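K.L.:
Structure file data.cif (mmCIF, C-alpha atoms) is given on the next line.
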data_input
#
loop_
_atom_site.label_atom_id
_atom_site.label_comp_id
_atom_site.auth_asym_id
_atom_site.auth_seq_id
_atom_site.Cartn_x
_atom_site.Cartn_y
_atom_site.Cartn_z
CA MET A 1 100.37 59.71 196.55
CA LYS A 2 96.61 59.61 196.75
CA LYS A 3 94.41 59.78 193.69
CA GLN A 4 93.30 63.26 192.73
CA THR A 5 89.92 64.50 193.85
CA PHE A 6 87.22 64.38 191.18
CA ILE A 7 85.55 67.71 190.63
CA ALA A 8 82.87 66.58 188.23
CA VAL A 9 80.69 63.57 187.70
CA ILE A 10 81.56 60.88 185.18
CA VAL A 11 81.04 62.08 181.64
CA PRO A 12 79.75 59.51 179.13
CA VAL A 13 81.93 59.14 176.07
CA LEU A 14 80.98 58.00 172.59
CA PHE A 15 82.67 54.64 172.21
CA ALA A 16 82.13 53.51 168.65
CA VAL A 17 83.45 56.46 166.70
CA ILE A 18 87.16 55.67 166.73
CA LEU A 19 88.19 52.09 167.41
CA GLY A 20 91.07 51.83 164.94
CA THR A 21 94.64 52.82 165.65
CA GLY A 22 94.47 55.92 163.44
CA CYS A 23 92.48 59.12 163.57
CA SER A 24 91.80 62.13 161.39
CA ARG A 25 94.64 64.66 161.06
CA GLU A 26 92.17 67.52 160.62
CA SER A 27 92.22 70.12 163.34
CA MET A 28 89.94 69.47 166.31
CA THR A 29 89.21 71.23 169.57
CA LEU A 30 89.90 69.42 172.83
CA GLN A 31 86.19 69.07 173.49
CA GLU A 32 85.60 67.57 170.06
CA ARG A 33 88.35 65.02 170.62
CA LEU A 34 87.19 64.14 174.14
CA ALA A 35 83.69 63.58 172.82
CA THR A 36 84.89 61.02 170.29
CA LEU A 37 87.52 59.12 172.27
CA PRO A 38 87.28 55.32 172.40
CA ALA A 39 86.97 55.37 176.16
CA ASP A 40 84.71 54.06 178.89
CA THR A 41 84.60 57.23 180.94
CA LEU A 42 86.54 60.37 181.64
CA PHE A 43 86.75 62.48 184.75
CA ARG A 44 87.48 66.14 185.11
CA ILE A 45 90.15 66.55 187.76
CA ASP A 46 91.96 69.36 189.56
CA ALA A 47 94.62 71.19 187.58
CA ASP A 48 97.30 73.46 188.99
CA THR A 49 97.76 76.98 187.70
CA SER A 50 99.97 75.78 184.82
CA PHE A 51 96.90 74.31 183.11
CA SER A 52 93.40 75.54 182.37
CA GLU A 53 91.80 72.10 182.75
CA ALA A 54 92.72 68.47 183.33
CA TRP A 55 91.15 65.08 182.64
CA GLU A 56 91.57 61.48 183.67
CA ILE A 57 90.67 59.15 180.82
CA ARG A 58 90.08 55.39 180.71
CA LEU A 59 90.99 54.69 177.11
CA HIS A 60 90.20 51.41 175.37
CA GLN A 61 93.27 49.67 173.97
CA PRO A 62 93.66 46.28 172.28
CA VAL A 63 95.46 43.78 174.47
CA ASP A 64 97.16 42.70 171.24
CA HIS A 65 97.59 45.52 168.71
CA ARG A 66 98.06 42.90 165.99
CA ASN A 67 94.48 41.85 166.69
CA PRO A 68 92.64 45.18 167.15
CA ASP A 69 89.24 43.47 167.17
CA GLY A 70 90.24 41.13 170.00
CA PRO A 71 90.14 41.62 173.79
CA ARG A 72 90.59 45.12 175.17
CA PHE A 73 91.72 46.76 178.37
CA THR A 74 91.32 50.31 179.63
CA GLN A 75 94.49 52.35 179.91
CA GLN A 76 94.64 55.21 182.37
CA VAL A 77 95.67 58.51 180.78
CA PHE A 78 95.95 61.94 182.38
CA LEU A 79 95.61 65.03 180.16
CA TYR A 80 96.63 68.46 181.44
CA TYR A 81 95.65 71.21 178.99
CA ALA A 82 97.67 74.40 178.59
CA GLY A 83 96.51 75.46 175.14
CA ALA A 84 96.14 74.14 171.61
CA ASP A 85 99.13 76.17 170.40
CA ARG A 86 101.47 75.04 173.20
CA PRO A 87 103.96 72.15 172.92
CA VAL A 88 102.90 68.72 174.17
CA VAL A 89 104.91 66.56 176.57
CA VAL A 90 103.98 62.88 176.75
CA GLU A 91 105.16 61.23 179.94
CA THR A 92 105.50 57.49 179.40
CA GLU A 93 105.27 56.02 182.87
CA GLY A 94 107.04 52.70 183.29
CA TYR A 95 104.73 51.74 186.12
CA GLY A 96 101.45 53.14 187.44
CA ALA A 97 100.53 56.76 186.84
CA ARG A 98 99.80 59.43 189.41
CA GLY A 99 99.15 63.13 189.43
CA GLY A 100 101.80 65.76 190.06
CA ARG A 101 104.02 68.07 188.08
CA ASN A 102 106.37 67.17 185.26
CA GLU A 103 109.68 68.99 184.98
CA LEU A 104 109.86 69.05 181.20
CA ALA A 105 106.26 70.23 180.82
CA THR A 106 106.99 73.02 183.30
CA ILE A 107 110.14 74.08 181.44
CA LEU A 108 108.33 74.13 178.09
CA LYS A 109 105.04 75.54 179.47
CA ALA A 110 103.51 72.61 177.65
CA ASN A 111 100.44 70.45 177.66
CA LEU A 112 101.03 67.17 179.46
CA ILE A 113 99.75 63.69 178.62
CA ARG A 114 100.72 61.15 181.28
CA ILE A 115 100.22 57.49 180.34
CA GLU A 116 100.13 54.56 182.72
CA HIS A 117 102.05 51.52 181.48
CA ARG A 118 100.04 48.49 180.40
CA TYR A 119 99.62 45.74 183.05
CA PHE A 120 100.08 48.19 185.95
CA GLU A 121 97.37 49.31 188.37
CA GLU A 122 94.27 50.61 186.54
CA SER A 123 95.67 49.55 183.15
CA THR A 124 95.64 45.80 183.71
CA PRO A 125 93.56 43.53 181.44
CA ASP A 126 90.85 41.49 183.14
CA SER A 127 92.62 38.33 182.01
CA VAL A 128 96.39 38.73 182.18
CA ASP A 129 98.21 37.04 179.31
CA TRP A 130 101.84 37.88 179.90
CA LYS A 131 102.93 37.34 176.29
CA TYR A 132 101.33 40.67 175.37
CA LEU A 133 103.48 42.62 177.83
CA THR A 134 106.18 43.54 175.32
CA THR A 135 108.04 46.70 174.44
CA TRP A 136 106.33 46.77 171.04
CA GLN A 137 102.81 46.45 172.48
CA ALA A 138 103.52 49.22 175.01
CA ALA A 139 105.09 51.45 172.35
CA THR A 140 102.02 50.93 170.18
CA ASP A 141 99.80 51.95 173.11
CA HIS A 142 101.71 55.23 173.20
CA HIS A 143 101.71 55.61 169.43
CA ARG A 144 97.94 55.24 169.31
CA ILE A 145 97.38 57.78 172.10
CA ILE A 146 99.66 60.29 170.37
CA GLU A 147 97.79 59.76 167.10
CA LEU A 148 94.48 60.34 168.84
CA PHE A 149 95.56 63.72 170.22
CA LYS A 150 97.69 65.01 167.34
CA PRO A 151 94.72 66.85 165.72
CA VAL A 152 94.19 68.93 168.88
CA PHE A 153 97.62 70.53 169.18
CA SER A 154 99.67 72.60 166.73
CA GLY A 155 102.89 72.76 168.79
CA ARG A 156 105.78 70.33 168.74
CA TRP A 157 105.76 67.08 170.71
CA ALA A 158 108.19 65.54 173.20
CA THR A 159 108.28 62.31 175.17
CA THR A 160 109.87 61.96 178.57
CA GLY A 161 110.05 59.49 181.41
CA ILE A 162 112.11 58.58 184.46
CA SER A 163 114.01 55.30 184.96
CA LYS A 164 111.75 52.59 183.50
CA GLY A 165 109.64 55.41 182.08
CA GLY A 166 112.79 56.64 180.35
CA GLN A 167 113.40 53.17 178.96
CA THR A 168 109.86 53.28 177.62
CA VAL A 169 110.71 56.56 175.86
CA MET A 170 113.66 54.91 174.11
CA PHE A 171 111.65 51.89 173.06
CA HIS A 172 108.74 53.97 171.76
CA ARG A 173 111.08 56.03 169.55
CA TYR A 174 112.82 52.86 168.37
CA TYR A 175 109.53 51.51 167.03
CA TYR A 176 107.94 54.87 166.11
CA PRO A 177 110.79 57.31 165.45
CA ASP A 178 108.59 59.97 163.82
CA ASP A 179 105.86 60.20 166.47
CA VAL A 180 107.44 63.13 168.32
CA ASP A 181 110.07 65.81 167.78
CA VAL A 182 112.17 65.39 170.95
CA SER A 183 112.72 62.75 173.64
CA VAL A 184 114.16 63.31 177.12
CA PRO A 185 114.75 60.06 179.05
CA TYR A 186 115.91 60.55 182.64
CA VAL A 187 118.31 58.02 184.26
CA ALA A 188 117.19 55.30 181.84
CA PRO A 189 119.35 52.18 181.47
CA LEU A 190 119.66 50.23 178.25
CA ASN A 191 120.46 46.79 179.62
CA PHE A 192 121.96 43.93 177.66
CA GLY A 193 120.79 41.04 179.82
CA PRO A 194 118.74 39.98 182.87
CA GLU A 195 121.98 40.42 184.86
CA ASP A 196 123.81 43.11 182.95
CA PRO A 197 127.55 42.41 183.36
CA ARG A 198 128.48 46.11 183.35
CA MET A 199 127.12 46.69 186.85
CA GLU A 200 129.88 44.86 188.76
CA PRO A 201 132.87 46.77 187.34
CA PHE A 202 130.96 50.02 187.78
CA LEU A 203 130.40 49.33 191.48
CA GLU A 204 134.08 48.48 191.85
CA ASN A 205 135.02 52.01 190.75
CA VAL A 206 132.15 54.31 191.75
CA GLY A 207 132.74 57.14 194.21
CA THR A 208 135.96 57.17 196.23
CA PRO A 209 137.96 54.14 197.45
CA ASP A 210 137.29 55.17 201.05
CA CYS A 211 133.53 55.28 200.54
CA ARG A 212 133.48 51.96 198.68
CA ASP A 213 135.44 50.41 201.55
CA LYS A 214 132.91 51.72 204.06
CA VAL A 215 130.01 50.29 202.06
CA PHE A 216 131.69 46.88 201.86
CA SER A 217 132.70 46.96 205.53
CA PHE A 218 129.12 47.71 206.53
CA GLN A 219 127.82 44.80 204.46
CA LYS A 220 130.34 42.41 206.00
CA MET A 221 129.54 43.66 209.48
CA VAL A 222 125.80 43.07 209.20
CA LEU A 223 126.43 39.57 207.81
CA GLU A 224 128.74 38.83 210.73
CA LYS A 225 126.07 40.15 213.10
CA PHE A 226 123.46 37.76 211.69
CA ASP A 227 122.68 36.18 215.06
CA THR A 228 122.00 39.61 216.55
CA LEU A 229 120.33 41.47 213.70
CA TYR A 230 118.32 38.69 212.05
CA PRO A 231 115.89 38.39 215.03
CA MET A 232 115.27 42.14 214.68
CA PHE A 233 114.61 41.55 210.98
CA ARG A 234 112.10 38.79 211.74
CA ASP A 235 110.35 40.91 214.35
CA MET A 236 110.00 43.84 211.95
CA ALA A 237 108.66 41.56 209.21
CA GLU A 238 106.07 39.99 211.51
CA LYS A 239 104.84 43.38 212.68
CA ARG A 240 104.44 44.53 209.07
CA GLY A 241 102.87 41.29 207.86
CA TRP A 242 105.69 40.46 205.47
CA THR A 243 106.47 36.94 204.32
CA PHE A 244 109.38 35.81 202.14
CA THR A 245 108.31 32.55 200.54
CA ARG A 246 109.26 33.36 196.95
CA VAL A 247 112.76 34.60 197.70
CA GLY A 248 113.50 31.46 199.69
CA GLY A 249 112.65 32.37 203.27
CA PRO A 250 113.35 35.19 205.72
CA GLU A 251 117.00 34.21 206.18
CA THR A 252 117.58 34.56 202.46
CA ALA A 253 115.66 37.85 202.45
CA TYR A 254 117.95 39.21 205.17
CA GLU A 255 121.06 38.40 203.16
CA MET A 256 119.50 39.73 199.96
CA THR A 257 118.80 43.00 201.78
CA VAL A 258 122.51 43.15 202.61
CA LEU A 259 123.43 42.49 198.97
CA GLU A 260 120.97 45.13 197.76
CA TYR A 261 122.44 47.68 200.16
CA GLU A 262 125.41 48.46 197.88
CA PHE A 263 123.35 49.10 194.74
CA ALA A 264 120.74 51.12 196.62
CA PHE A 265 123.34 53.19 198.48
CA TRP A 266 124.83 54.44 195.22
CA GLN A 267 121.57 54.59 193.30
CA TRP A 268 119.90 57.05 195.61
CA GLY A 269 122.98 58.84 196.97
CA SER A 270 121.01 60.21 199.90
CA ILE A 271 123.34 58.98 202.66
CA PRO A 272 126.77 60.59 203.10
CA CYS A 273 129.58 58.06 203.39
CA ASP A 274 130.50 59.45 206.80
CA SER A 275 127.01 58.54 208.04
CA ILE A 276 127.46 54.79 207.52
CA PRO A 277 127.25 53.48 211.11
CA LEU A 278 130.23 51.14 211.23
CA GLY A 279 130.55 51.65 214.96
CA GLY A 280 126.94 52.31 215.88
CA THR A 281 124.59 50.45 218.21
CA ASN A 282 122.83 47.34 216.91
CA ASP A 283 119.59 49.31 216.66
CA LYS A 284 121.23 52.08 214.65
CA VAL A 285 122.97 49.59 212.35
CA PHE A 286 119.73 47.70 211.74
CA ARG A 287 117.69 50.81 211.04
CA HIS A 288 120.31 51.99 208.56
CA LEU A 289 120.38 48.61 206.79
CA VAL A 290 116.64 48.38 206.24
CA ALA A 291 116.31 52.07 205.34
CA VAL A 292 118.81 51.68 202.50
CA GLY A 293 118.44 48.01 201.53
CA ASP A 294 114.62 47.99 201.77
CA PRO A 295 113.65 44.38 202.62
CA ARG A 296 110.12 44.92 201.30
CA TYR A 297 111.71 44.54 197.88
CA PHE A 298 112.00 40.83 198.69
CA ALA A 299 108.70 40.38 200.53
CA ASP A 300 105.84 38.46 198.94
CA GLN A 301 103.58 41.42 199.68
CA GLY A 302 105.76 43.80 197.67
CA LEU A 303 106.15 41.56 194.64
CA ALA A 304 102.62 41.78 193.24
CA TYR A 305 103.09 45.38 192.12
CA PHE A 306 106.48 44.71 190.51
CA GLU A 307 105.63 41.44 188.74
CA PRO A 308 104.94 43.16 185.39
CA PHE A 309 108.26 44.97 185.62
CA PHE A 310 110.19 41.80 186.35
CA TYR A 311 108.40 39.96 183.53
CA GLN A 312 109.83 42.58 181.19
CA ALA A 313 113.21 42.46 182.93
CA MET A 314 113.43 38.71 182.37
CA THR A 315 112.38 38.90 178.70
CA GLU A 316 113.50 42.17 177.07
CA ILE A 317 114.59 45.11 179.21
CA GLY A 318 117.06 43.47 181.61
CA TYR A 319 118.22 44.11 185.16
CA TYR A 320 121.22 43.51 187.42
CA GLY A 321 122.58 40.80 189.69
CA TYR A 322 124.82 40.66 192.76
CA ASP A 323 128.47 39.81 193.38
CA PHE A 324 128.21 36.83 195.73
CA GLU A 325 131.84 35.75 195.58
CA LYS A 326 133.32 38.70 197.44
CA PHE A 327 131.40 37.74 200.60
CA GLY A 328 132.61 34.15 200.60
CA SER A 329 131.39 32.07 203.54
CA LEU A 330 129.59 35.03 205.13
CA LEU A 331 126.60 34.23 202.88
CA LYS A 332 124.86 31.14 204.19
CA TYR A 333 121.41 31.38 202.54
CA ALA A 334 121.53 33.62 199.47
CA HIS A 335 123.38 32.09 196.55
CA ASN A 336 124.00 32.58 192.86
CA GLY A 337 121.80 29.98 191.18
CA ASP A 338 121.30 28.91 187.58
CA LYS A 339 118.47 31.39 186.97
CA PRO A 340 118.84 35.19 186.87
CA GLU A 341 118.96 36.54 190.39
CA PHE A 342 115.57 38.25 190.27
CA ALA A 343 113.67 35.48 188.51
CA PHE A 344 111.82 34.91 191.82
CA SER A 345 110.25 38.38 191.41
CA ALA A 346 108.76 37.63 187.98
CA PRO A 347 105.44 35.79 187.48
CA GLN A 348 105.95 32.17 188.45
CA GLY A 349 105.37 29.10 186.33
CA LEU A 350 106.59 30.63 183.06
CA ASN A 351 109.53 29.64 180.92
CA TYR A 352 111.62 32.77 180.43
CA VAL A 353 113.74 33.26 177.33
CA TYR A 354 115.59 36.56 177.23
CA ASP A 355 115.88 38.41 173.92
CA TYR A 356 119.55 39.43 173.95
CA GLU A 357 119.27 41.06 170.52
CA PHE A 358 116.66 43.64 171.50
CA GLY A 359 118.91 45.92 173.58
CA LYS A 360 121.62 45.77 170.91
CA LYS A 361 119.12 46.82 168.22
CA VAL A 362 117.97 49.80 170.30
CA SER A 363 121.61 50.71 170.95
CA GLU A 364 122.36 50.68 167.22
CA PHE A 365 119.30 52.86 166.59
CA ILE A 366 120.54 55.39 169.14
CA LYS A 367 124.06 55.45 167.70
CA HIS A 368 123.07 55.78 164.06
CA ASP A 369 119.45 56.78 163.46
CA ALA A 370 117.97 58.47 166.53
CA GLU A 371 117.43 62.21 166.47
CA ASN A 372 116.78 64.89 169.08
CA PHE A 373 117.36 62.90 172.25
CA ILE A 374 118.54 64.39 175.54
CA PHE A 375 119.76 61.67 177.93
CA LEU A 376 120.27 62.57 181.59
CA TYR A 377 122.26 60.39 184.00
CA GLY A 378 123.75 60.62 187.48
CA GLY A 379 127.44 59.78 187.52
CA ASN A 380 127.22 57.71 190.73
CA ASP A 381 123.96 55.99 189.80
CA PRO A 382 124.66 52.30 189.00
CA TRP A 383 122.09 52.53 186.21
CA SER A 384 124.54 54.78 184.37
CA ALA A 385 126.71 51.67 183.95
CA SER A 386 124.23 50.57 181.29
CA ALA A 387 123.46 54.06 180.00
CA ALA A 388 122.57 54.63 176.37
CA ASP A 389 125.64 55.28 174.24
CA PRO A 390 125.12 57.81 171.41
CA GLY A 391 128.55 57.10 169.93
CA ASN A 392 129.24 59.80 167.33
CA ASN A 393 125.60 60.72 166.82
CA LYS A 394 125.60 64.52 166.88
CA LYS A 395 121.82 64.67 167.04
CA ILE A 396 121.87 63.33 170.60
CA LEU A 397 122.89 65.15 173.79
CA LYS A 398 124.01 62.97 176.70
CA ILE A 399 124.41 64.72 180.05
CA VAL A 400 126.12 62.97 183.00
CA ASN A 401 125.82 64.83 186.30
CA LYS A 402 129.12 64.12 188.03
CA GLY A 403 128.45 62.67 191.46
CA GLY A 404 124.71 62.65 190.74
CA ALA A 405 122.34 59.84 191.61
CA HIS A 406 119.05 58.42 190.34
CA GLY A 407 117.29 61.63 191.30
CA THR A 408 119.19 63.61 188.64
CA ARG A 409 116.93 66.18 187.01
CA ILE A 410 117.46 69.20 184.76
CA GLY A 411 116.84 71.61 187.61
CA ILE A 412 119.76 70.33 189.71
CA LEU A 413 122.34 70.18 186.93
CA PRO A 414 125.35 72.49 187.05
CA ASP A 415 124.64 75.75 185.22
CA GLU A 416 126.72 74.88 182.15
CA GLN A 417 124.96 71.55 181.61
CA LYS A 418 121.58 73.11 182.34
CA GLU A 419 122.12 75.80 179.71
CA GLU A 420 123.14 73.13 177.21
CA VAL A 421 119.85 71.31 177.82
CA PHE A 422 117.83 74.52 177.54
CA SER A 423 119.57 75.46 174.30
CA ARG A 424 118.78 72.10 172.68
CA LEU A 425 115.18 72.22 173.87
CA GLU A 426 114.64 75.69 172.44
CA GLU A 427 116.16 74.65 169.12
CA TRP A 428 114.44 71.28 168.74
CA MET A 429 111.06 72.25 170.21
CA ASP A 430 111.02 75.68 168.52
CA SER A 431 109.75 77.12 171.76
CA PRO A 432 111.22 79.30 174.54
CA VAL A 433 111.90 77.60 177.85
CA ALA A 434 111.11 78.74 181.36
CA LYS A 435 114.52 78.77 183.02
#
Would you mind writing the structure in this file as structure tokens?

P.N.:
Amino acid sequence: MKKQTFIAVIVPVLFAVILGTGCSRESMTLQERLATLPADTLFRIDADTSFSEAWEIRLHQPVDHRNPDGPRFTQQVFLYYAGADRPVVVETEGYGARGGRNELATILKANLIRIEHRYFEESTPDSVDWKYLTTWQAATDHHRIIELFKPVFSGRWATTGISKGGQTVMFHRYYYPDDVDVSVPYVAPLNFGPEDPRMEPFLENVGTPDCRDKVFSFQKMVLEKFDTLYPMFRDMAEKRGWTFTRVGGPETAYEMTVLEYEFAFWQWGSIPCDSIPLGGTNDKVFRHLVAVGDPRYFADQGLAYFEPFFYQAMTEIGYYGYDFEKFGSLLKYAHNGDKPEFAFSAPQGLNYVYDYEFGKKVSEFIKHDAENFIFLYGGNDPWSASAADPGNNKKILKIVNKGGAHGTRIGILPDEQKEEVFSRLEEWMDSPVAK
């Protein structure tokens, strides 16, 4: 999605007024707050009819919040204003931030603050020191932004995010449980390792036996057709300018694409099982493989954007691996090495030590101390294998959309589940919802 069109010139912002992490709790107008933000610049941008005005802000943040007087970076923040008395939804992006609507803000007729994650796109420090890309530093980014805007709004606050953005919601509330009133993470895993062991048994039981057999049969077929399909893979890569040095070469990338096919097929759920081309032409089989498996995920050119994510995956937030054994001798290039499977995707030259205690601490927080969470998952999405577990915590609502995928949203839930979500939102946000 392209960047939004600017409709006003850059507005200078007073920089020295608020450089600390706190701000006054006295009531302020939006204009008063914008005029005193610790930011380089802000732009007025287009707003749809749900909002009266919108702004893109480049906010100064400490690279290390434990050293607020040290190096800074500018964090991209989008503010969509609906009214000082309306609720506020903070969307914690796990990656870069773009424009567009937010489901929860629409439901609550709320103001929206969308925050780009540190070390992604416009929010990358000039000098990247990876040790400051932690869940605590990111949560403190969000805490500081919430504190800056609290004096503007009198309504209740909610955080929300999708996938890694939903993970970011969990982690922010773990560190700052009192910042907001409600949190709604969508399809957000809570992984317990860089190759979470819960993925494999999930994939062995997801969907129907017939569909799982078709997925496995397709994977075996494209491995057996290596001599025919791999030249097509190389030709496509050359035309698109893709190289595969970091993954171990194009042959390895081809087999990794086959391995990824299973996870991606169930994650997105966009292809009916009957459409898997077990008897199709070579061209049809190849096009299906790369459409689902997405070889760019393993290309050097696609890794630059995801490096910050995989740094976090290899240190705190975890990921998944593949089942190599079930393919036996059909795999000739891809193999299960000593390092986590996706270590090649993380910044190179670093010594990674995974914090196995972090996920367990967040899990205990959710089971015992967390309040006013609504977790949404798709039943067929492999990320639901490592879903948050509220245990007996009655202050948390966990919704699993049976047969749903990673695109599960409130609007596509069955009516009974949808009404349950609306009821909790109205109660916890003290605000009517737009059904």

K.L.:
Taking the file as shown, find all residues satisfying the PyMOL selection byres ((chain A and resi 389-393) around 6) and write them as an mmCIF file with C-alpha atoms, keeping the file's coordinate frame.

P.N.:
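Listed below is the output, result-v5.cif:
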data_model
loop_
_atom_site.group_PDB
_atom_site.id
_atom_site.type_symbol
_atom_site.label_atom_id
_atom_site.label_comp_id
_atom_site.auth_asym_id
_atom_site.auth_seq_id
_atom_site.Cartn_x
_atom_site.Cartn_y
_atom_site.Cartn_z
ATOM 1 C CA ILE A 366 120.540 55.390 169.140
ATOM 2 C CA LYS A 367 124.060 55.450 167.700
ATOM 3 C CA ALA A 388 122.570 54.630 176.370
ATOM 4 C CA LYS A 394 125.600 64.520 166.880
ATOM 5 C CA LYS A 395 121.820 64.670 167.040
ATOM 6 C CA ILE A 396 121.870 63.330 170.600
#

K.L.:
Kindly give the distance, in Å, that separates CA of Thr243 (chain A) and CA of Asp300 (chain A), rounded to a single decimal.

P.N.:
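So the two atoms, CA of Thr243 (chain A) and CA of Asp300 (chain A), lie 5.6 Å apart.
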
K.L.:
In terms of the shortest atom-to-atom distance over all atoms listed in the file, which of A:Ser275, A:Asn205, A:Ser52, A:Thr281 is closest to Leu229 (chain A)?

P.N.:
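Once distances to Leu229 (chain A) are computed over all atoms listed in the file, the minimum belongs to A:Thr281.
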
K.L.:
Could you tell me which residues the PyMOL selection byres ((chain A and resi 28) around 6) returns for this structure, as a list in words?

P.N.:
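This file, filtered by the PyMOL selection byres ((chain A and resi 28) around 6), leaves Ser27, Thr29, Pro151 and Val152 of chain A.
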
K.L.:
Leaving out Gly404 (chain A) and any residue of its chain fewer than 6 positions from it, which residues lie within 6 Å of it when counting only C-alpha atoms, given as a list in words?

P.N.:
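That gives Gly378, Gly379 and Asn380 of chain A.
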
K.L.:
For Phe365 (chain A), find every residue with an atom within 12 Å (counting only C-alpha atoms), except residues of its own chain fewer than 2 positions away, and show them as a PyMOL selection string.

P.N.:
chain A and resi 170-177+190+358-363+367-371+373+388-391+393+396

K.L.:
CA of His117 (chain A) and CA of Ala387 (chain A), how far apart in Å?

P.N.:
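Interatomic distance, CA of Ala387 (chain A) to CA of His117 (chain A): 21.6 Å.
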
K.L.:
Show me, as CSV, the residues of region 99-145 of chain A having an atom within 12 Å of region 317-335 of chain A, each with the closest atom pair and its distance in Å, using only C-alpha atoms.

P.N.:
residue,atom,partner,partner_atom,distance
A:Leu133,CA,A:Ile317,CA,11.5
A:Thr134,CA,A:Ile317,CA,9.4
A:Thr135,CA,A:Ile317,CA,8.3
A:Trp136,CA,A:Ile317,CA,11.7

K.L.:
As an mmCIF file, in the frame of the given file, could you write out region 346-360 of chain A once it has been completed with N, CA and C atoms?

P.N.:
data_model
loop_
_atom_site.group_PDB
_atom_site.id
_atom_site.type_symbol
_atom_site.label_atom_id
_atom_site.label_comp_id
_atom_site.auth_asym_id
_atom_site.auth_seq_id
_atom_site.Cartn_x
_atom_site.Cartn_y
_atom_site.Cartn_z
ATOM 1 N N ALA A 346 109.597 37.664 189.181
ATOM 2 C CA ALA A 346 108.760 37.630 187.980
ATOM 3 C C ALA A 346 107.608 36.651 188.178
ATOM 4 N N PRO A 347 106.549 36.744 187.368
ATOM 5 C CA PRO A 347 105.440 35.790 187.480
ATOM 6 C C PRO A 347 105.953 34.357 187.418
ATOM 7 N N GLN A 348 105.451 33.540 188.318
ATOM 8 C CA GLN A 348 105.950 32.170 188.450
ATOM 9 C C GLN A 348 105.264 31.232 187.465
ATOM 10 N N GLY A 349 105.948 30.132 187.178
ATOM 11 C CA GLY A 349 105.370 29.100 186.330
ATOM 12 C C GLY A 349 105.557 29.329 184.845
ATOM 13 N N LEU A 350 106.345 30.334 184.466
ATOM 14 C CA LEU A 350 106.590 30.630 183.060
ATOM 15 C C LEU A 350 108.011 30.245 182.684
ATOM 16 N N ASN A 351 108.205 29.948 181.427
ATOM 17 C CA ASN A 351 109.530 29.640 180.920
ATOM 18 C C ASN A 351 110.097 30.895 180.273
ATOM 19 N N TYR A 352 111.100 31.486 180.893
ATOM 20 C CA TYR A 352 111.620 32.770 180.430
ATOM 21 C C TYR A 352 112.780 32.575 179.457
ATOM 22 N N VAL A 353 112.664 33.232 178.318
ATOM 23 C CA VAL A 353 113.740 33.260 177.330
ATOM 24 C C VAL A 353 114.045 34.733 177.048
ATOM 25 N N TYR A 354 115.247 35.146 177.379
ATOM 26 C CA TYR A 354 115.590 36.560 177.230
ATOM 27 C C TYR A 354 116.021 36.861 175.798
ATOM 28 N N ASP A 355 115.532 37.975 175.267
ATOM 29 C CA ASP A 355 115.880 38.410 173.920
ATOM 30 C C ASP A 355 117.132 39.296 174.002
ATOM 31 N N TYR A 356 118.297 38.690 173.825
ATOM 32 C CA TYR A 356 119.550 39.430 173.950
ATOM 33 C C TYR A 356 119.785 40.369 172.768
ATOM 34 N N GLU A 357 119.065 40.214 171.682
ATOM 35 C CA GLU A 357 119.270 41.060 170.520
ATOM 36 C C GLU A 357 118.539 42.395 170.636
ATOM 37 N N PHE A 358 117.491 42.443 171.458
ATOM 38 C CA PHE A 358 116.660 43.640 171.500
ATOM 39 C C PHE A 358 117.458 44.866 171.938
ATOM 40 N N GLY A 359 118.153 44.772 173.084
ATOM 41 C CA GLY A 359 118.910 45.920 173.580
ATOM 42 C C GLY A 359 119.974 46.372 172.590
ATOM 43 N N LYS A 360 120.595 45.413 171.898
ATOM 44 C CA LYS A 360 121.620 45.770 170.910
ATOM 45 C C LYS A 360 120.999 46.528 169.735
#
